[in-house]
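Please read the structure below before turning to the comments.
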2 protein chains.
Amino acid sequence: MQRKKEKEEKIKIIPLGGLGEVGRNMTVFEYKGKMMILDMGLGFPGEDMPGVDCTIPNSNYLKGKEKNILGIVITHGHYDHIGAIPYIMPQLGKIPIYTSPLTKGMILKRQDDFPNQPPLDIRIIEDGSQLKLGEFQIEFFHQNHNIPDNLGLTIKTPLGQIVHTADFKFDSSPVNGPATNFEKLKKIGRDKVLLLMSDSTGAEEEGHSLSEKVIFENLEKIFKEAKGRIVAASFASLINRIQQLIVLSEKYGRKVVIEGHSMRTNVEIAQTLGKIKSNKKTLIKAKDIAKLPDSQITIVCTGAQGEEEAAFMRIANREHKFIKIKKGDTIVFSSSIIPGNERSVQSLKDKFHRQEATIFHYRMMDIHASGHARREELREMIAIMKPRFFIPVHGQYSMLVRHAEIAQEEGLPNENIIVAENGNIIELSPEEISKDKKKVASSCIMVDGLGVGDIGEVVLRDRHALASDGMFVIIAAVDKQAGKVKGSPDIISRGFVYLRASQELLKETRKRTVRIINRAAGSGGAVNWLYVKEELRNKIGQFLFSKTKKRPMVLPVIIVV
Amino acid sequence: MQRKKEKEEKIKIIPLGGLGEVGRNMTVFEYKGKMMILDMGLGFPGEDMPGVDCTIPNSNYLKGKEKNILGIVITHGHYDHIGAIPYIMPQLGKIPIYTSPLTKGMILKRQDDFPNQPPLDIRIIEDGSQLKLGEFQIEFFHQNHNIPDNLGLTIKTPLGQIVHTADFKFDSSPVNGPATNFEKLKKIGRDKVLLLMSDSTGAEEEGHSLSEKVIFENLEKIFKEAKGRIVAASFASLINRIQQLIVLSEKYGRKVVIEGHSMRTNVEIAQTLGKIKSNKKTLIKAKDIAKLPDSQITIVCTGAQGEEEAAFMRIANREHKFIKIKKGDTIVFSSSIIPGNERSVQSLKDKFHRQEATIFHYRMMDIHASGHARREELREMIAIMKPRFFIPVHGQYSMLVRHAEIAQEEGLPNENIIVAENGNIIELSPEEISKDKKKVASSCIMVDGLGVGDIGEVVLRDRHALASDGMFVIIAAVDKQAGKVKGSPDIISRGFVYLRASQELLKETRKRTVRIINRAAGSGGAVNWLYVKEELRNKIGQFLFSKTKKRPMVLPVIIVV
């Protein structure tokens with residue numbers, strides 16, 4: 001029999017997002033009813049969520065407990081860690097947010113899109129900062145990632161020390177910011193770690209992530225060879241890559257144009273904080289490109305995922321006002337492809353090839369490195385921390401499982417490892433870790449225009465049906481006294497078949513509609529219009545399917561006049 | 001000045017599909033007005049074509065020239081080479097199709113889905129067969145791919161020899177069928193090749209494709225270790241992989257269940273022709289699984305791409321009648337991921353992980369090999385054939401460009417290489433190769449239910465709009481005499497917002513609708529209902545956007561009674 005401590009003495013860890021998925025990171029740490037929250041990120045909608053803007057964590061668990069939230073800690077400025085702030089904070093009220101300077105800048109920038117919100121109370125922390133939130137004694141440590149100012153944390157609690165890695169990779173020769181401070185990590189590890197929570201995003205990738213130094217060297221090869229303009233696309237928030245491209249441009253006598261609103265704003269914020277450095281005259285405006293020879297121009301832009309509205313796509317489509325690709329230009333895709341975007345990136349590549357540009361992408365050459373530790377680094381982190389318990393965090397379920405495997409290989413017994421899902425209540429004591437059978441609300445909240453969480457399965461199912469076979473509305477006016485359809489029924493159809501070529505089909509549908517309604521309406525007795533509509537839906541649906549093998553959404557409207 | 005031969009003496013090569021894309025392969029060879037056609041494949045619809053079943057080549061160029069088509073040659077039985085036959089052949093009439101026995105079986109099987117078509121005239125060819133189609137003297141040679149009975153061809157013409165590789169890879173130790181016959185290829189190469197047309201699908205992949213022997217050895221490791229059932233998913237048409245799994249099952253004392261209708265039919269056809277071999281008692285039915293211990297069961301099934309209706313997905317969802325996954329079962333994803341399917345495959349993987357199965361996929365271990373030659377093989381093919389002219393075929397534009405690069409590196413001058421697009425007319429003479437400025441019709445034909453080519457941009461655009469923001473139909477009956485709306489307007493909305501939670505929005509919309517109509521109808525004069533509807537569309541659209549930041553398709557209907 002395991003000895004049970006009293007319930008209130010355990011620490012509860014409740015992931016509200018980020019497990020079983022990449023993105024939407026948010027975790028609650030709770031001890032004696034007092035809480036701290038780590039990260040508040042958004043998720044990217046799946047292909048099964050057409051029209052949805054983003055997803056956010058389900059914060060239902062926090063309702064009514066707002067007063068018990070001591071603070072919110074944000075590890076870094078990527079949207080999957082800060083993006084849900086404008087949606088969730090207004091519900092929580094004025095709770096201090098603790099984060100690094102660059103992250104603060106990026107959070108505040110995003111608030112501009114939500115003008116009517118109460119101001120946020122953001123307090124600055126940095127590498128080495130200490131923070132006491134009730135019984136949580138937090139100390140922050142620098143972690144390398146592909147954005148500066150990223151912080152891991154150790155949380156000393158009355159029950160023991162919890163280490164959360166945040167997103168990280170080990171890099172002993174990064175280009176921007178300090179190298180991984182292994183001494184500091186080892187010092188934390190020597191201090192007895194009760195629980196390690198570690199980033200699993202790279203847990204299915206063998207070996208060690210690439211150092212940014214390798215990326216820099218490969219990018220330099222491109223800069224050395226390039227005769228014409230260089231157009232390099234990446235993520236707007238990949239501050240470190242942008243810095244590399246600026247450094248190389250300066251070295252090879254090029255001016256830099258930053259294209260894409262979000263990237264430009266990020267660069268401005270990072271520059272103000274000294275997180276991106278450049279000579280005064282390096283950055284120029286797109287309209288000034290024509291004043292310089294091609295060999296002195298670098299364009300850094302957003303849109304490496306093939307996003308429709310981004311600068312890169314506009315350049316590819318020859319729709320950009322100042323930048324038209326020509327033979328001799330060099331195109332650099334400096335980012336990996338987010339799953340789901342393969343086809344649009346391929347189409348983008350083909351467009352540039354057709355314009356006879358020279359193209360480099362990460363599958364040809366290591367010109368992009370992920371910001372996430374791979375298996376050997378994850379193994380090293382576990383070896384350094386020597387935790388008693390382990391929870392793999394951040395990632396698809398398969399990543400969590402593969403990360404748990406590593407922990408087992410490093411000697412942790414199976415019962416000391418928890419592979420959790422969103423909504424799980426993980427209970428931690430010095431002696432044991434366990435998952436409660438109950439779960440807190442963790443359904444995915446969808447943001448759809450101004451609506452947060454108000455579209456559900458029904459709306460999504462309808463969107464799928466509409467996307468696949470379209471819709472077919474039949475409107476019939478029925479003369480009550482005559483007991484038959486007045487005139488010819490109206491048909492509105494979209495996304496089904498090409499109507500101009502389907503006059504015969506529409507005619508026959510009208511005829512059948514009239515027949516069905518007249519039979520019912522002319523029967524003399526009271527007419528059950530609901531029944532008639534149901535019959536129209538079925539019969540017309542079957543008829544259309546027999547003629548087209550498509551099943552549009554059939555929506556009958558009967559107006560009795 | 002280049003000497004111009006008379007036009008009718010040149011050979012025309014017209015790709016109708018398969019260039020700038022993967023799939024939809026079809027090429028016309030024309031000499032003195034007489035034609036042969038190579039392959040007739042379908043393409044897989046992009047994400048920008050919701051609801052579309054498949055795409056087929058535009059065969060408009062052949063209209064009116066049917067009598068000049070001497071024959072159709074099909075290289076192998078994959079759908080991107082045979083799939084358009086049921087759509088295009090009825091238009092062309094009775095023209096002989098020349099193909100290998102297995103390909104014939106697969107073509108005929110597919111015809112079962114098109115019961116009312118005239119019978120096809122299919123004639124058998126094999127490795128070494130010779131065929132004379134007018135002035136085209138064709139000889140076929142075996143090429144390795146991941147389906148048996150795949151044939152490359154050399155076409156001797158009065159102007160010189162054309163070699164078409166078909167889909168291929170070099171494999172000196174394949175598991176099913178003969179190894180690459182390099183002697184034969186070299187013999188062809190010694191015979192002066194005027195033009196080489198070679199498969200570009202693998203032209204962006206470095207090195208050499210994996211031999212099926214390596215795949216076999218890795219699969220064997222899994223079979224050696226597995227204690228429970230093995231569930232291996234692949235493509236229905238990947239006959240060689242299915243054969244490997246059968247051989248291994250027999251070696252390790254397992255019976256094999258083939259799950260998925262298309263795979264089962266393919267296996268039956270291949271077995272009848274001796275292209276898949278198994279002991280009499282190896283193949284069993286799914287319902288007999290329970291009679292045997294788990295360690296004696298292999299399930300080979302369709303659905304490795306995460307297809308909704310496939311056997312693999314039903315197993316993952318615990319919806320399969322006879323197969324429920326449990327701890328100890330081994331899941332094998334023996335196929336690559338087709339771009340665009342990454343997310344559904346990830347979700348499938350996660351489902352199996354949650355059921356605690358042991359999972360192997362091609363990124364963990366080489367348990368799948370592409371059927372296409374990589375850069376080093378492509379280089380070798382060019383070196384063997386030493387062609388005067390070169391056209392890279394089959395593949396995305398970027399693949400064609402990268403393949404052309406290899407040809408240049410192998411010494412072909414730039415002007416001897418044609419990177420072409422669908423619809424190009426390539427003219428070939430012994431002295432030169434060129435692309436005509438004109439193109440033949442090559443727009444992508446979409447198959448949508450029973451409709452072939454009848455849905456166009458408008459229907460697709462509507463489907464996109466409907467998928468993203470849904471639709472909003474407003475129906476108002478107007479009393480002509482009273483000059484105002486009768487009763488309350490009906491609203492039908494789908495895929496927009498959750499209606500039950502939006503009563504206020506609907507009420508306000510009805511109010512605004514009535515106001516707009518009454519103002520127009522009550523004005524006394526003749527009412528321009530088109531104008532009123534336009535106003536409703538705009539005003540109500542703006543109102544809905546202001547309230548929701550969504551733009552549903554607003555469709556007003558006014559019925560004057």
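We name chains A, B, ... following the order of the structure tokens; residues begin at 1 in each chain, and ligands are numbered from 1 as shown.
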
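Counting only C-alpha atoms, A:Arg110 has the following residues at most 9 Å away, ignoring those fewer than 4 positions along the same chain: Gly83, Pro86, Gly105, Met106 and Phe114 of chain A.
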
Could you pull the residues within 10 Å of stretch 333-344 of chain A, counting only C-alpha atoms, minus those fewer than 4 positions along the same chain, as a PDB file with N, CA, C and O atoms, in the first residue's frame?
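What landed in part.pdb:
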ATOM      1  N   GLY A  46      -6.491  23.322 -37.408  1.00  0.00           N
ATOM      2  CA  GLY A  46      -6.255  22.213 -38.325  1.00  0.00           C
ATOM      3  C   GLY A  46      -7.041  22.368 -39.606  1.00  0.00           C
ATOM      4  O   GLY A  46      -7.869  23.276 -39.736  1.00  0.00           O
ATOM      5  N   GLU A  47      -6.759  21.470 -40.556  1.00  0.00           N
ATOM      6  CA  GLU A  47      -7.509  21.502 -41.821  1.00  0.00           C
ATOM      7  C   GLU A  47      -8.978  21.180 -41.576  1.00  0.00           C
ATOM      8  O   GLU A  47      -9.832  21.465 -42.397  1.00  0.00           O
ATOM      9  N   ILE A 215      24.281  27.176 -39.587  1.00  0.00           N
ATOM     10  CA  ILE A 215      23.335  27.894 -40.451  1.00  0.00           C
ATOM     11  C   ILE A 215      24.008  29.141 -41.011  1.00  0.00           C
ATOM     12  O   ILE A 215      23.946  29.422 -42.217  1.00  0.00           O
ATOM     13  N   LEU A 219      24.581  30.016 -44.871  1.00  0.00           N
ATOM     14  CA  LEU A 219      24.022  31.235 -45.456  1.00  0.00           C
ATOM     15  C   LEU A 219      25.150  32.073 -46.066  1.00  0.00           C
ATOM     16  O   LEU A 219      24.984  32.663 -47.133  1.00  0.00           O
ATOM     17  N   VAL A 231      16.689  37.307 -51.828  1.00  0.00           N
ATOM     18  CA  VAL A 231      15.407  37.427 -51.147  1.00  0.00           C
ATOM     19  C   VAL A 231      15.297  36.248 -50.184  1.00  0.00           C
ATOM     20  O   VAL A 231      15.267  35.089 -50.612  1.00  0.00           O
ATOM     21  N   ALA A 232      15.307  36.520 -48.887  1.00  0.00           N
ATOM     22  CA  ALA A 232      15.278  35.446 -47.899  1.00  0.00           C
ATOM     23  C   ALA A 232      13.988  35.527 -47.103  1.00  0.00           C
ATOM     24  O   ALA A 232      13.661  36.571 -46.534  1.00  0.00           O
ATOM     25  N   ALA A 233      13.252  34.419 -47.077  1.00  0.00           N
ATOM     26  CA  ALA A 233      11.996  34.415 -46.332  1.00  0.00           C
ATOM     27  C   ALA A 233      12.135  33.564 -45.086  1.00  0.00           C
ATOM     28  O   ALA A 233      12.807  32.542 -45.096  1.00  0.00           O
ATOM     29  N   SER A 234      11.470  34.016 -44.041  1.00  0.00           N
ATOM     30  CA  SER A 234      11.487  33.247 -42.802  1.00  0.00           C
ATOM     31  C   SER A 234      10.225  33.575 -42.015  1.00  0.00           C
ATOM     32  O   SER A 234       9.298  34.173 -42.536  1.00  0.00           O
ATOM     33  N   PHE A 235      10.195  33.160 -40.750  1.00  0.00           N
ATOM     34  CA  PHE A 235       9.085  33.528 -39.881  1.00  0.00           C
ATOM     35  C   PHE A 235       9.301  34.949 -39.357  1.00  0.00           C
ATOM     36  O   PHE A 235      10.433  35.334 -39.078  1.00  0.00           O
ATOM     37  N   LEU A 238      11.282  35.001 -36.111  1.00  0.00           N
ATOM     38  CA  LEU A 238      12.573  34.322 -36.054  1.00  0.00           C
ATOM     39  C   LEU A 238      13.696  35.369 -35.989  1.00  0.00           C
ATOM     40  O   LEU A 238      14.514  35.504 -36.897  1.00  0.00           O
ATOM     41  N   ARG A 241      17.360  34.588 -36.898  1.00  0.00           N
ATOM     42  CA  ARG A 241      17.661  34.410 -38.324  1.00  0.00           C
ATOM     43  C   ARG A 241      17.744  35.765 -39.001  1.00  0.00           C
ATOM     44  O   ARG A 241      18.633  36.015 -39.831  1.00  0.00           O
ATOM     45  N   ILE A 242      16.855  36.657 -38.662  1.00  0.00           N
ATOM     46  CA  ILE A 242      16.870  38.002 -39.252  1.00  0.00           C
ATOM     47  C   ILE A 242      18.194  38.681 -38.923  1.00  0.00           C
ATOM     48  O   ILE A 242      18.824  39.296 -39.780  1.00  0.00           O
ATOM     49  N   VAL A 300      14.583  40.690 -46.746  1.00  0.00           N
ATOM     50  CA  VAL A 300      14.186  39.678 -45.765  1.00  0.00           C
ATOM     51  C   VAL A 300      12.686  39.826 -45.583  1.00  0.00           C
ATOM     52  O   VAL A 300      12.202  40.937 -45.330  1.00  0.00           O
ATOM     53  N   GLY A 303       6.561  34.914 -45.046  1.00  0.00           N
ATOM     54  CA  GLY A 303       5.804  34.150 -46.030  1.00  0.00           C
ATOM     55  C   GLY A 303       6.471  32.879 -46.513  1.00  0.00           C
ATOM     56  O   GLY A 303       6.068  32.330 -47.542  1.00  0.00           O
ATOM     57  N   ALA A 304       7.461  32.378 -45.784  1.00  0.00           N
ATOM     58  CA  ALA A 304       8.150  31.157 -46.218  1.00  0.00           C
ATOM     59  C   ALA A 304       7.246  29.934 -46.167  1.00  0.00           C
ATOM     60  O   ALA A 304       7.602  28.871 -46.656  1.00  0.00           O
ATOM     61  N   GLN A 305       6.057  30.053 -45.554  1.00  0.00           N
ATOM     62  CA  GLN A 305       5.111  28.933 -45.523  1.00  0.00           C
ATOM     63  C   GLN A 305       4.127  28.992 -46.681  1.00  0.00           C
ATOM     64  O   GLN A 305       3.182  28.219 -46.728  1.00  0.00           O
ATOM     65  N   GLY A 306       4.313  29.939 -47.574  1.00  0.00           N
ATOM     66  CA  GLY A 306       3.392  30.045 -48.704  1.00  0.00           C
ATOM     67  C   GLY A 306       2.092  30.740 -48.351  1.00  0.00           C
ATOM     68  O   GLY A 306       1.086  30.557 -49.030  1.00  0.00           O
ATOM     69  N   GLU A 307       2.096  31.549 -47.303  1.00  0.00           N
ATOM     70  CA  GLU A 307       0.879  32.260 -46.911  1.00  0.00           C
ATOM     71  C   GLU A 307       0.444  33.192 -48.037  1.00  0.00           C
ATOM     72  O   GLU A 307       1.247  33.921 -48.594  1.00  0.00           O
ATOM     73  N   GLU A 308      -0.853  33.170 -48.308  1.00  0.00           N
ATOM     74  CA  GLU A 308      -1.414  33.901 -49.441  1.00  0.00           C
ATOM     75  C   GLU A 308      -1.071  35.393 -49.439  1.00  0.00           C
ATOM     76  O   GLU A 308      -0.720  35.950 -50.465  1.00  0.00           O
ATOM     77  N   PHE A 312       6.392  37.443 -49.452  1.00  0.00           N
ATOM     78  CA  PHE A 312       7.071  36.471 -50.324  1.00  0.00           C
ATOM     79  C   PHE A 312       6.156  36.040 -51.470  1.00  0.00           C
ATOM     80  O   PHE A 312       6.575  35.956 -52.625  1.00  0.00           O
ATOM     81  N   MET A 313       4.886  35.769 -51.135  1.00  0.00           N
ATOM     82  CA  MET A 313       3.924  35.345 -52.143  1.00  0.00           C
ATOM     83  C   MET A 313       3.668  36.475 -53.138  1.00  0.00           C
ATOM     84  O   MET A 313       3.560  36.235 -54.342  1.00  0.00           O
ATOM     85  N   LEU A 348       5.033  27.813 -54.340  1.00  0.00           N
ATOM     86  CA  LEU A 348       5.849  29.027 -54.259  1.00  0.00           C
ATOM     87  C   LEU A 348       7.219  28.796 -54.910  1.00  0.00           C
ATOM     88  O   LEU A 348       7.701  29.613 -55.705  1.00  0.00           O
ATOM     89  N   LYS A 349       7.838  27.680 -54.580  1.00  0.00           N
ATOM     90  CA  LYS A 349       9.144  27.313 -55.141  1.00  0.00           C
ATOM     91  C   LYS A 349       9.060  27.270 -56.658  1.00  0.00           C
ATOM     92  O   LYS A 349       9.925  27.799 -57.365  1.00  0.00           O
ATOM     93  N   ASP A 350       7.988  26.625 -57.156  1.00  0.00           N
ATOM     94  CA  ASP A 350       7.831  26.504 -58.606  1.00  0.00           C
ATOM     95  C   ASP A 350       7.682  27.868 -59.266  1.00  0.00           C
ATOM     96  O   ASP A 350       8.208  28.114 -60.350  1.00  0.00           O
ATOM     97  N   ILE A 359      17.455  29.009 -56.375  1.00  0.00           N
ATOM     98  CA  ILE A 359      16.679  28.766 -55.161  1.00  0.00           C
ATOM     99  C   ILE A 359      17.422  27.875 -54.176  1.00  0.00           C
ATOM    100  O   ILE A 359      18.019  26.866 -54.561  1.00  0.00           O
ATOM    101  N   PHE A 360      17.387  28.262 -52.914  1.00  0.00           N
ATOM    102  CA  PHE A 360      17.940  27.429 -51.853  1.00  0.00           C
ATOM    103  C   PHE A 360      16.862  27.178 -50.809  1.00  0.00           C
ATOM    104  O   PHE A 360      16.188  28.109 -50.388  1.00  0.00           O
ATOM    105  N   HIS A 361      16.702  25.920 -50.414  1.00  0.00           N
ATOM    106  CA  HIS A 361      15.789  25.649 -49.307  1.00  0.00           C
ATOM    107  C   HIS A 361      16.431  24.655 -48.359  1.00  0.00           C
ATOM    108  O   HIS A 361      17.482  24.083 -48.665  1.00  0.00           O
ATOM    109  N   TYR A 362      15.789  24.457 -47.213  1.00  0.00           N
ATOM    110  CA  TYR A 362      16.467  23.735 -46.137  1.00  0.00           C
ATOM    111  C   TYR A 362      16.685  22.264 -46.447  1.00  0.00           C
ATOM    112  O   TYR A 362      17.468  21.615 -45.777  1.00  0.00           O
ATOM    113  N   ARG A 363      16.021  21.749 -47.479  1.00  0.00           N
ATOM    114  CA  ARG A 363      16.295  20.356 -47.810  1.00  0.00           C
ATOM    115  C   ARG A 363      17.510  20.232 -48.726  1.00  0.00           C
ATOM    116  O   ARG A 363      18.030  19.146 -48.946  1.00  0.00           O
ATOM    117  N   MET A 365      20.257  22.288 -48.223  1.00  0.00           N
ATOM    118  CA  MET A 365      21.393  22.849 -47.515  1.00  0.00           C
ATOM    119  C   MET A 365      20.880  23.222 -46.127  1.00  0.00           C
ATOM    120  O   MET A 365      19.719  23.586 -45.989  1.00  0.00           O
ATOM    121  N   ASP A 366      21.722  23.128 -45.113  1.00  0.00           N
ATOM    122  CA  ASP A 366      21.254  23.461 -43.771  1.00  0.00           C
ATOM    123  C   ASP A 366      21.205  24.973 -43.592  1.00  0.00           C
ATOM    124  O   ASP A 366      22.137  25.579 -43.064  1.00  0.00           O
ATOM    125  N   ILE A 367      20.112  25.578 -44.038  1.00  0.00           N
ATOM    126  CA  ILE A 367      19.981  27.018 -43.887  1.00  0.00           C
ATOM    127  C   ILE A 367      18.819  27.342 -42.961  1.00  0.00           C
ATOM    128  O   ILE A 367      18.343  28.460 -42.900  1.00  0.00           O
ATOM    129  N   HIS A 368      18.359  26.333 -42.264  1.00  0.00           N
ATOM    130  CA  HIS A 368      17.394  26.579 -41.204  1.00  0.00           C
ATOM    131  C   HIS A 368      17.618  25.550 -40.111  1.00  0.00           C
ATOM    132  O   HIS A 368      17.903  24.394 -40.389  1.00  0.00           O
ATOM    133  N   ALA A 369      17.549  25.976 -38.877  1.00  0.00           N
ATOM    134  CA  ALA A 369      17.608  25.035 -37.769  1.00  0.00           C
ATOM    135  C   ALA A 369      16.371  25.252 -36.934  1.00  0.00           C
ATOM    136  O   ALA A 369      15.920  26.383 -36.746  1.00  0.00           O
ATOM    137  N   SER A 370      15.822  24.177 -36.460  1.00  0.00           N
ATOM    138  CA  SER A 370      14.686  24.280 -35.563  1.00  0.00           C
ATOM    139  C   SER A 370      15.169  24.870 -34.243  1.00  0.00           C
ATOM    140  O   SER A 370      16.338  24.796 -33.898  1.00  0.00           O
TER     141      SER A 370
ATOM    142  N   GLY B  46      -5.736  19.489 -55.339  1.00  0.00           N
ATOM    143  CA  GLY B  46      -5.064  20.286 -54.315  1.00  0.00           C
ATOM    144  C   GLY B  46      -6.040  20.731 -53.244  1.00  0.00           C
ATOM    145  O   GLY B  46      -7.255  20.553 -53.360  1.00  0.00           O
ATOM    146  N   GLU B  47      -5.464  21.326 -52.186  1.00  0.00           N
ATOM    147  CA  GLU B  47      -6.314  21.855 -51.116  1.00  0.00           C
ATOM    148  C   GLU B  47      -7.190  22.989 -51.636  1.00  0.00           C
ATOM    149  O   GLU B  47      -8.186  23.347 -51.018  1.00  0.00           O
ATOM    150  N   ASP B  48      -6.786  23.567 -52.774  1.00  0.00           N
ATOM    151  CA  ASP B  48      -7.570  24.652 -53.340  1.00  0.00           C
ATOM    152  C   ASP B  48      -8.725  24.119 -54.188  1.00  0.00           C
ATOM    153  O   ASP B  48      -9.365  24.874 -54.901  1.00  0.00           O
ATOM    154  N   ILE B 338       2.359  11.633 -48.432  1.00  0.00           N
ATOM    155  CA  ILE B 338       2.112  12.496 -49.586  1.00  0.00           C
ATOM    156  C   ILE B 338       1.922  13.923 -49.078  1.00  0.00           C
ATOM    157  O   ILE B 338       1.164  14.144 -48.128  1.00  0.00           O
ATOM    158  N   PRO B 339       2.632  14.906 -49.671  1.00  0.00           N
ATOM    159  CA  PRO B 339       2.498  16.272 -49.178  1.00  0.00           C
ATOM    160  C   PRO B 339       1.036  16.679 -49.027  1.00  0.00           C
ATOM    161  O   PRO B 339       0.227  16.442 -49.918  1.00  0.00           O
ATOM    162  N   GLY B 340       0.734  17.279 -47.897  1.00  0.00           N
ATOM    163  CA  GLY B 340      -0.649  17.663 -47.624  1.00  0.00           C
ATOM    164  C   GLY B 340      -1.294  16.734 -46.606  1.00  0.00           C
ATOM    165  O   GLY B 340      -2.278  17.098 -45.971  1.00  0.00           O
ATOM    166  N   ASN B 341      -0.727  15.528 -46.431  1.00  0.00           N
ATOM    167  CA  ASN B 341      -1.344  14.571 -45.507  1.00  0.00           C
ATOM    168  C   ASN B 341      -0.643  14.511 -44.147  1.00  0.00           C
ATOM    169  O   ASN B 341      -0.987  13.676 -43.311  1.00  0.00           O
ATOM    170  N   GLU B 342       0.349  15.369 -43.917  1.00  0.00           N
ATOM    171  CA  GLU B 342       1.162  15.275 -42.700  1.00  0.00           C
ATOM    172  C   GLU B 342       0.307  15.314 -41.437  1.00  0.00           C
ATOM    173  O   GLU B 342       0.539  14.574 -40.491  1.00  0.00           O
ATOM    174  N   ARG B 343      -0.679  16.203 -41.423  1.00  0.00           N
ATOM    175  CA  ARG B 343      -1.446  16.347 -40.201  1.00  0.00           C
ATOM    176  C   ARG B 343      -2.323  15.140 -39.924  1.00  0.00           C
ATOM    177  O   ARG B 343      -2.467  14.709 -38.791  1.00  0.00           O
ATOM    178  N   SER B 344      -2.932  14.585 -40.973  1.00  0.00           N
ATOM    179  CA  SER B 344      -3.801  13.437 -40.710  1.00  0.00           C
ATOM    180  C   SER B 344      -2.976  12.221 -40.321  1.00  0.00           C
ATOM    181  O   SER B 344      -3.413  11.421 -39.494  1.00  0.00           O
ATOM    182  N   GLN B 346      -0.157  12.379 -38.639  1.00  0.00           N
ATOM    183  CA  GLN B 346       0.228  12.628 -37.243  1.00  0.00           C
ATOM    184  C   GLN B 346      -0.911  12.251 -36.295  1.00  0.00           C
ATOM    185  O   GLN B 346      -0.698  11.609 -35.267  1.00  0.00           O
TER     186      GLN B 346
END

Give me the residues within 12 Å of stretch 130-132 of chain B as a list in words, counting only C-alpha atoms and dropping any in the same chain fewer than 4 places off.
Met36, Leu70, Gly71, Ile72, Val73, Pro96, Ile97, Tyr98, Thr99, Arg123, Ile124, Ile125, Glu126, Phe136, Gln137, Ile138, Glu139, Phe140, Phe141, Leu153, Thr154, Ile155, Lys156 and Thr157 of chain B

Just list the residues in stretch 300-495 of chain B DSSP gives strand (DSSP E or B) on the backbone, as JSON, numbers by chain.
{"B": [300, 301, 302, 330, 331, 332, 333, 358, 359, 360, 361, 389, 390, 391, 392, 393, 395, 417, 424, 425, 426, 427, 428, 433, 434, 435, 436, 437, 438, 439, 445, 446, 447, 448, 451, 452, 471, 472, 473, 474, 475, 476, 477, 478, 479, 484, 485, 486, 487, 488, 489, 490, 491, 492, 493, 494]}

Using only C-alpha atoms, determine which residues lie at most 9 Å from A:Asp448, disregarding the query and same-chain residues fewer than 5 positions distant; provide the list as a list in words.
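My reading of the contact set: Gly51, Val52, Asp53, Cys54, Thr55, Gly453, Asp454 and Ile455 of chain A; Asp469, Val497, Thr548, Lys549 and Lys550 of chain B.
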
If you keep C-alpha atoms, can you produce a file of those selected residues as an mmCIF file, in the first residue's frame?
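Output below, filename selection_38.cif:
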data_model
loop_
_atom_site.group_PDB
_atom_site.id
_atom_site.type_symbol
_atom_site.label_atom_id
_atom_site.label_comp_id
_atom_site.auth_asym_id
_atom_site.auth_seq_id
_atom_site.Cartn_x
_atom_site.Cartn_y
_atom_site.Cartn_z
ATOM 1 C CA GLY A 51 -12.398 29.513 -41.465
ATOM 2 C CA VAL A 52 -11.174 29.332 -37.872
ATOM 3 C CA ASP A 53 -8.536 31.963 -37.051
ATOM 4 C CA CYS A 54 -6.812 30.218 -34.176
ATOM 5 C CA THR A 55 -7.430 28.055 -31.146
ATOM 6 C CA GLY A 453 -15.576 29.503 -28.461
ATOM 7 C CA ASP A 454 -19.001 30.020 -29.957
ATOM 8 C CA ILE A 455 -18.561 27.927 -33.041
ATOM 9 C CA ASP B 469 -17.419 31.919 -43.411
ATOM 10 C CA VAL B 497 -22.053 31.311 -36.400
ATOM 11 C CA THR B 548 -18.696 39.031 -36.130
ATOM 12 C CA LYS B 549 -15.665 39.894 -38.304
ATOM 13 C CA LYS B 550 -16.888 37.136 -40.611
#

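For A:Leu62, the list of residues within 12 Å, based on only C-alpha atoms and with local chain neighbours fewer than 3 positions off taken out, reads A:Ile14, A:Leu16, A:Thr27, A:Val28, A:Phe29, A:Glu30, A:Gly33, A:Lys34, A:Met35, A:Met36, A:Ile37, A:Pro57, A:Asn58, A:Ser59, A:Lys65, A:Glu66, A:Lys67, A:Asn68, A:Ile69, A:Ile88, A:Met89, A:Gln91, A:Leu92, A:Gly93, A:Gly423, A:Val440, A:Ala441, A:Ser442.
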
I'd like the contact shell of stretch 290-298 of chain A - 9 Å cut-off, only C-alpha atoms, skipping same-chain residues fewer than 2 positions apart - returned as a PyMOL selection string.
chain A and resi 226-232+245-246+249+252-258+286-288+300+322-323+329

Once DSSP has gone over the backbone, tell me which residues of stretch 42-243 of chain A are in alpha helix (DSSP H), as a PyMOL selection string.
chain A and resi 79-82+85-92+101-111+182-190+212-225+239-243
